[in-house]
Amino acid sequence: MISSSNTISFHSQTDRLLLWGLRLLSLMAGGILLLVVAFLILESWPAFQDIGPARFFTDQDWYPTERLYLLTPMLWGTLWATLGSIVLAAPLGILSAIFCHYYAPPLLATWYRRLIELLAGIPSVVYGFWGLVVLVPVIGQLHPPGPSLLAGILVLFLMILPTIMLVAHASFAKVPLSYIHSAMALGLGRWAMIRNVLLPTARAGLFTGILLGIARALGETMAILMVCGNVVQTPSNLFDPIRTLTANIALEMAYALGDHRSALFVSGLLLMGMVVVFVVMAEGLQYRKLDDTAR
């Protein structure tokens, strides 16, 4: 017969192994991130030495063969496409999750969630091909030429909507039932319960979904390359063609040499910095709202 002390010792050893395994995986994840950042800095360093950081924002245009390395138009194109898509996808994704979790009949909710999961699994190049064949000609009839910032926003919107909706749905599913029962006992209606109890409780998960959507929109390449026109210019309206940083890297990395190649790595480093800025802003906004709620 196994004594209780041996059982406790066995569980203690298992917990230690699990703890060290989790620590090792955490160190590996952090180490991979540091290696990626170090690689980008190492490859970008020749451009910082030969060109200088200021010229990426002050040169007249992007013509690497003439030693002009302006990244500002592509930076603005990336930002406007990302912000436009997230403005559309975030509220619609969260409202879709609310409908699926609290309003839809069980059978409809199940099939609706399966459809969203299918949309999340579609490769980005398929979205880009659909946008090129269907969406761009429609926009071209409304306002030529067709390939534009608006086409990029709409394609990115369709791509990140499933991610935000599924993460929001999972966040609502983790809300304790006791919160719902307490709200019902207080006589709150369904929308009042969602607005005052469920949304504040699931806030962390909702922010996570939005951050994942932002990260995917910033890093998207093929779909945005196919529908945006790839013209290096700062957009003045939704119908202007644009080129994003990711599309620029994909188009020119195959033949880039010397400072041109290093400048493309600067674009990658800039994208990494943009993701960090968005994460810090979202975390700060989240903690600020939590402090306001606590007060």
# chains A, B, ... in the order shown; residues from 1 in each chain; ligands from 1
>>> residues_around(residues="segment 168-177 of chain A", least_positions_apart="2", cutoff="6 Å", atoms="only C-alpha atoms", output="PDB file with C-alpha atoms, in the first residue's frame")
ATOM      1  CA  ILE A  94     -17.084  41.785 -30.359  1.00  0.00           C
ATOM      2  CA  ALA A  97     -19.316  37.216 -30.235  1.00  0.00           C
ATOM      3  CA  MET A 165     -14.580  37.303 -32.825  1.00  0.00           C
ATOM      4  CA  LEU A 166     -13.202  33.907 -31.723  1.00  0.00           C
ATOM      5  CA  TYR A 179     -21.592  36.681 -12.214  1.00  0.00           C
ATOM      6  CA  ILE A 180     -24.451  36.013 -14.614  1.00  0.00           C
ATOM      7  CA  ALA A 202     -13.960  39.922 -20.268  1.00  0.00           C
ATOM      8  CA  GLY A 205      -9.561  38.867 -23.429  1.00  0.00           C
ATOM      9  CA  LEU A 206     -11.156  41.466 -25.688  1.00  0.00           C
TER      10      LEU A 206
END
>>> residues_around(residues="Glu43 of chain A", least_positions_apart="6", cutoff="9 Å", atoms="only C-alpha atoms", output="compact mmCIF listing (two decimals) with C-alpha atoms, in the first residue's frame")
# COMPACT_ATOMS: atom_id res chain seq x y z
CA ARG A 261 18.93 45.16 -48.48
CA SER A 262 19.78 46.68 -45.10
CA ALA A 263 17.10 49.33 -45.62
CA PHE A 265 15.59 45.13 -42.73
CA VAL A 266 15.09 48.60 -41.27
>>> residues_around(residues="Gly209 of chain A", least_positions_apart="2", cutoff="7 Å", atoms="only C-alpha atoms", output="PyMOL selection string")
chain A and resi 163-164+167-168+205-207+211-213
>>> write_last_selection(atoms="N, CA and C atoms", output="PDB file, in the first residue's frame")
ATOM      1  N   THR A 163     -10.487  36.363 -36.110  1.00  0.00           N
ATOM      2  CA  THR A 163      -9.602  36.281 -34.946  1.00  0.00           C
ATOM      3  C   THR A 163     -10.192  37.019 -33.750  1.00  0.00           C
ATOM      4  N   ILE A 164     -10.640  38.253 -33.973  1.00  0.00           N
ATOM      5  CA  ILE A 164     -11.204  39.045 -32.883  1.00  0.00           C
ATOM      6  C   ILE A 164     -12.476  38.402 -32.354  1.00  0.00           C
ATOM      7  N   VAL A 167     -11.616  35.080 -30.273  1.00  0.00           N
ATOM      8  CA  VAL A 167     -11.009  35.380 -28.973  1.00  0.00           C
ATOM      9  C   VAL A 167     -12.040  36.007 -28.039  1.00  0.00           C
ATOM     10  N   ALA A 168     -12.888  36.901 -28.565  1.00  0.00           N
ATOM     11  CA  ALA A 168     -13.938  37.501 -27.743  1.00  0.00           C
ATOM     12  C   ALA A 168     -14.932  36.446 -27.272  1.00  0.00           C
ATOM     13  N   GLY A 205      -9.500  39.700 -22.235  1.00  0.00           N
ATOM     14  CA  GLY A 205      -9.561  38.867 -23.429  1.00  0.00           C
ATOM     15  C   GLY A 205      -9.913  39.653 -24.673  1.00  0.00           C
ATOM     16  N   LEU A 206     -10.788  40.638 -24.539  1.00  0.00           N
ATOM     17  CA  LEU A 206     -11.156  41.466 -25.688  1.00  0.00           C
ATOM     18  C   LEU A 206      -9.959  42.268 -26.185  1.00  0.00           C
ATOM     19  N   PHE A 207      -9.176  42.818 -25.271  1.00  0.00           N
ATOM     20  CA  PHE A 207      -7.964  43.537 -25.662  1.00  0.00           C
ATOM     21  C   PHE A 207      -6.978  42.595 -26.343  1.00  0.00           C
ATOM     22  N   LEU A 211      -5.455  43.073 -30.060  1.00  0.00           N
ATOM     23  CA  LEU A 211      -4.003  43.102 -30.293  1.00  0.00           C
ATOM     24  C   LEU A 211      -3.589  42.067 -31.329  1.00  0.00           C
ATOM     25  N   LEU A 212      -4.174  40.870 -31.249  1.00  0.00           N
ATOM     26  CA  LEU A 212      -3.860  39.850 -32.253  1.00  0.00           C
ATOM     27  C   LEU A 212      -4.297  40.304 -33.643  1.00  0.00           C
ATOM     28  N   GLY A 213      -5.449  40.967 -33.712  1.00  0.00           N
ATOM     29  CA  GLY A 213      -5.896  41.490 -34.998  1.00  0.00           C
ATOM     30  C   GLY A 213      -4.959  42.565 -35.534  1.00  0.00           C
TER      31      GLY A 213
END
>>> atom_distance(atom1="atom CA of Ala183 of chain A", atom2="atom CA of Val197 of chain A")
7.5 Å
>>> residues_around(residues="segment 252-259 of chain A", least_positions_apart="6", cutoff="9 Å", atoms="only C-alpha atoms", output="ChimeraX atom specification")
/A:44,46-47,50-51,64,67
>>> write_last_selection(atoms="N, CA and C atoms", output="CSV table (one decimal), in the first residue's frame")
chain,number,residue,atom,x,y,z
A,44,SER,N,20.2,45.4,-40.0
A,44,SER,CA,19.9,46.9,-40.3
A,44,SER,C,21.1,47.8,-40.0
A,46,PRO,N,24.2,48.1,-41.1
A,46,PRO,CA,24.9,48.8,-42.2
A,46,PRO,C,24.2,50.0,-42.7
A,47,ALA,N,22.8,49.9,-42.8
A,47,ALA,CA,22.0,51.0,-43.3
A,47,ALA,C,22.1,52.2,-42.3
A,50,ASP,N,25.7,53.7,-42.9
A,50,ASP,CA,25.9,54.3,-44.2
A,50,ASP,C,24.9,55.4,-44.6
A,51,ILE,N,23.6,55.2,-44.2
A,51,ILE,CA,22.6,56.1,-44.6
A,51,ILE,C,22.2,57.0,-43.5
A,64,PRO,N,16.0,53.3,-54.1
A,64,PRO,CA,17.3,52.7,-53.6
A,64,PRO,C,18.4,52.8,-54.6
A,67,ARG,N,19.9,56.0,-54.3
A,67,ARG,CA,20.3,56.2,-52.8
A,67,ARG,C,19.3,57.1,-52.2
>>> closest_atom_pairs(of="segment 16-129 of chain A", to="segment 224-246 of chain A", cutoff="10 Å", atoms="only C-alpha atoms", output="CSV")
residue,atom,partner,partner_atom,distance
A:Asp61,CA,A:Val232,CA,8.1
A:Trp62,CA,A:Val232,CA,7.3
A:Tyr63,CA,A:Val232,CA,9.8
A:Leu70,CA,A:Val232,CA,9.4
A:Leu71,CA,A:Leu245,CA,7.9
A:Thr72,CA,A:Thr234,CA,7.6
A:Pro73,CA,A:Thr234,CA,4.3
A:Met74,CA,A:Thr244,CA,4.7
A:Leu75,CA,A:Leu245,CA,6.3
A:Trp76,CA,A:Thr234,CA,6.3
A:Gly77,CA,A:Thr244,CA,5.4
A:Thr78,CA,A:Thr244,CA,4.8
A:Leu79,CA,A:Thr244,CA,8.6
A:Trp80,CA,A:Pro235,CA,8.6
A:Ala81,CA,A:Thr244,CA,8.5
A:Gly84,CA,A:Leu238,CA,9.8
A:Ser124,CA,A:Ile224,CA,9.1
A:Val125,CA,A:Met226,CA,8.4
A:Tyr127,CA,A:Ile224,CA,9.2
A:Gly128,CA,A:Met226,CA,5.7
A:Phe129,CA,A:Met226,CA,7.1
>>> closest_residue(among="A:Met222, A:Gly21, A:Val136, A:Leu161", to="Glu117 of chain A", atoms="only C-alpha atoms")
A:Leu161
>>> select_by_dssp(residues="segment 180-262 of chain A", states="alpha helix (DSSP H)", output="NGL selection string")
:A and (180-185 or 190-193 or 199-201 or 203-219 or 222-227 or 245-252 or 258-262)
>>> atom_distance(atom1="atom CA of Tyr112 of chain A", atom2="atom CA of Thr82 of chain A")
25.7 Å
>>> decode(residues="segment 144-263 of chain A", atoms="C-alpha atoms", output="mmCIF file, in the first residue's frame")
data_model
loop_
_atom_site.group_PDB
_atom_site.id
_atom_site.type_symbol
_atom_site.label_atom_id
_atom_site.label_comp_id
_atom_site.auth_asym_id
_atom_site.auth_seq_id
_atom_site.Cartn_x
_atom_site.Cartn_y
_atom_site.Cartn_z
ATOM 1 C CA PRO A 144 -10.740 54.471 -60.427
ATOM 2 C CA PRO A 145 -8.205 52.972 -60.392
ATOM 3 C CA GLY A 146 -9.494 50.247 -58.001
ATOM 4 C CA PRO A 147 -6.360 49.016 -56.218
ATOM 5 C CA SER A 148 -6.367 51.326 -53.222
ATOM 6 C CA LEU A 149 -6.160 51.899 -49.500
ATOM 7 C CA LEU A 150 -9.885 51.117 -49.249
ATOM 8 C CA ALA A 151 -9.389 47.700 -50.864
ATOM 9 C CA GLY A 152 -6.591 46.948 -48.405
ATOM 10 C CA ILE A 153 -8.719 48.021 -45.433
ATOM 11 C CA LEU A 154 -11.649 45.838 -46.495
ATOM 12 C CA VAL A 155 -9.489 42.765 -47.152
ATOM 13 C CA LEU A 156 -7.668 43.155 -43.833
ATOM 14 C CA PHE A 157 -11.034 43.667 -42.125
ATOM 15 C CA LEU A 158 -12.256 40.304 -43.424
ATOM 16 C CA MET A 159 -9.001 38.646 -42.390
ATOM 17 C CA ILE A 160 -8.827 39.870 -38.792
ATOM 18 C CA LEU A 161 -12.562 39.758 -38.018
ATOM 19 C CA PRO A 162 -12.588 35.980 -37.294
ATOM 20 C CA THR A 163 -9.602 36.281 -34.946
ATOM 21 C CA ILE A 164 -11.204 39.045 -32.883
ATOM 22 C CA MET A 165 -14.580 37.303 -32.825
ATOM 23 C CA LEU A 166 -13.202 33.907 -31.723
ATOM 24 C CA VAL A 167 -11.009 35.380 -28.973
ATOM 25 C CA ALA A 168 -13.938 37.501 -27.743
ATOM 26 C CA HIS A 169 -16.200 34.450 -27.768
ATOM 27 C CA ALA A 170 -13.678 32.478 -25.703
ATOM 28 C CA SER A 171 -13.396 35.404 -23.271
ATOM 29 C CA PHE A 172 -17.148 35.533 -22.745
ATOM 30 C CA ALA A 173 -17.204 31.768 -22.222
ATOM 31 C CA LYS A 174 -14.739 32.148 -19.333
ATOM 32 C CA VAL A 175 -16.930 34.610 -17.417
ATOM 33 C CA PRO A 176 -18.012 32.797 -14.196
ATOM 34 C CA LEU A 177 -21.652 31.725 -14.168
ATOM 35 C CA SER A 178 -21.976 33.198 -10.692
ATOM 36 C CA TYR A 179 -21.592 36.681 -12.214
ATOM 37 C CA ILE A 180 -24.451 36.013 -14.614
ATOM 38 C CA HIS A 181 -26.653 34.535 -11.901
ATOM 39 C CA SER A 182 -25.954 37.493 -9.611
ATOM 40 C CA ALA A 183 -26.823 39.979 -12.366
ATOM 41 C CA MET A 184 -30.064 38.123 -13.110
ATOM 42 C CA ALA A 185 -30.915 38.043 -9.405
ATOM 43 C CA LEU A 186 -30.516 41.841 -9.294
ATOM 44 C CA GLY A 187 -33.043 42.131 -12.103
ATOM 45 C CA LEU A 188 -30.681 43.342 -14.825
ATOM 46 C CA GLY A 189 -31.840 42.936 -18.393
ATOM 47 C CA ARG A 190 -29.762 41.051 -20.917
ATOM 48 C CA TRP A 191 -28.111 44.095 -22.498
ATOM 49 C CA ALA A 192 -27.587 45.786 -19.119
ATOM 50 C CA MET A 193 -25.921 42.599 -17.860
ATOM 51 C CA ILE A 194 -23.678 42.442 -20.947
ATOM 52 C CA ARG A 195 -22.719 46.117 -20.748
ATOM 53 C CA ASN A 196 -22.166 46.410 -16.986
ATOM 54 C CA VAL A 197 -20.973 42.927 -15.998
ATOM 55 C CA LEU A 198 -19.783 40.777 -18.888
ATOM 56 C CA LEU A 199 -17.856 43.339 -20.960
ATOM 57 C CA PRO A 200 -15.825 44.648 -17.977
ATOM 58 C CA THR A 201 -15.116 41.084 -16.824
ATOM 59 C CA ALA A 202 -13.960 39.922 -20.268
ATOM 60 C CA ARG A 203 -12.000 43.128 -20.990
ATOM 61 C CA ALA A 204 -8.569 41.482 -20.874
ATOM 62 C CA GLY A 205 -9.561 38.867 -23.429
ATOM 63 C CA LEU A 206 -11.156 41.466 -25.688
ATOM 64 C CA PHE A 207 -7.964 43.537 -25.662
ATOM 65 C CA THR A 208 -5.987 40.398 -26.471
ATOM 66 C CA GLY A 209 -8.171 39.714 -29.502
ATOM 67 C CA ILE A 210 -7.785 43.278 -30.743
ATOM 68 C CA LEU A 211 -4.003 43.102 -30.293
ATOM 69 C CA LEU A 212 -3.860 39.850 -32.253
ATOM 70 C CA GLY A 213 -5.896 41.490 -34.998
ATOM 71 C CA ILE A 214 -3.563 44.513 -35.079
ATOM 72 C CA ALA A 215 -0.497 42.271 -35.211
ATOM 73 C CA ARG A 216 -1.932 40.244 -38.086
ATOM 74 C CA ALA A 217 -2.947 43.363 -40.001
ATOM 75 C CA LEU A 218 0.511 44.917 -39.563
ATOM 76 C CA GLY A 219 2.276 41.767 -40.708
ATOM 77 C CA GLU A 220 0.033 40.832 -43.620
ATOM 78 C CA THR A 221 1.875 40.714 -46.935
ATOM 79 C CA MET A 222 0.371 38.791 -49.830
ATOM 80 C CA ALA A 223 -3.243 39.943 -49.597
ATOM 81 C CA ILE A 224 -2.299 43.588 -49.154
ATOM 82 C CA LEU A 225 0.261 43.333 -51.961
ATOM 83 C CA MET A 226 -2.416 42.066 -54.380
ATOM 84 C CA VAL A 227 -5.084 44.727 -53.794
ATOM 85 C CA CYS A 228 -3.347 48.001 -52.844
ATOM 86 C CA GLY A 229 -1.610 48.934 -56.109
ATOM 87 C CA ASN A 230 1.945 49.103 -54.688
ATOM 88 C CA VAL A 231 2.487 52.799 -55.426
ATOM 89 C CA VAL A 232 4.936 54.488 -53.055
ATOM 90 C CA GLN A 233 2.947 57.536 -51.970
ATOM 91 C CA THR A 234 1.291 58.935 -48.868
ATOM 92 C CA PRO A 235 -2.472 58.380 -49.340
ATOM 93 C CA SER A 236 -4.637 61.497 -49.387
ATOM 94 C CA ASN A 237 -7.935 59.594 -49.562
ATOM 95 C CA LEU A 238 -9.287 56.043 -49.387
ATOM 96 C CA PHE A 239 -9.059 55.526 -53.158
ATOM 97 C CA ASP A 240 -5.323 56.230 -53.509
ATOM 98 C CA PRO A 241 -3.028 53.258 -54.266
ATOM 99 C CA ILE A 242 -0.506 52.570 -51.519
ATOM 100 C CA ARG A 243 2.427 50.323 -50.707
ATOM 101 C CA THR A 244 2.899 48.935 -47.213
ATOM 102 C CA LEU A 245 6.192 48.097 -45.512
ATOM 103 C CA THR A 246 5.536 44.357 -45.737
ATOM 104 C CA ALA A 247 4.666 44.534 -49.430
ATOM 105 C CA ASN A 248 7.820 46.546 -50.080
ATOM 106 C CA ILE A 249 9.949 43.889 -48.391
ATOM 107 C CA ALA A 250 8.272 41.092 -50.365
ATOM 108 C CA LEU A 251 8.654 42.900 -53.683
ATOM 109 C CA GLU A 252 12.290 43.977 -53.379
ATOM 110 C CA MET A 253 14.094 41.545 -51.077
ATOM 111 C CA ALA A 254 14.752 39.051 -53.871
ATOM 112 C CA TYR A 255 17.101 41.416 -55.743
ATOM 113 C CA ALA A 256 18.162 43.884 -53.038
ATOM 114 C CA LEU A 257 21.875 44.220 -52.294
ATOM 115 C CA GLY A 258 24.035 46.291 -49.975
ATOM 116 C CA ASP A 259 22.368 49.306 -48.376
ATOM 117 C CA HIS A 260 19.143 48.542 -50.224
ATOM 118 C CA ARG A 261 18.931 45.164 -48.482
ATOM 119 C CA SER A 262 19.784 46.680 -45.104
ATOM 120 C CA ALA A 263 17.099 49.333 -45.615
#
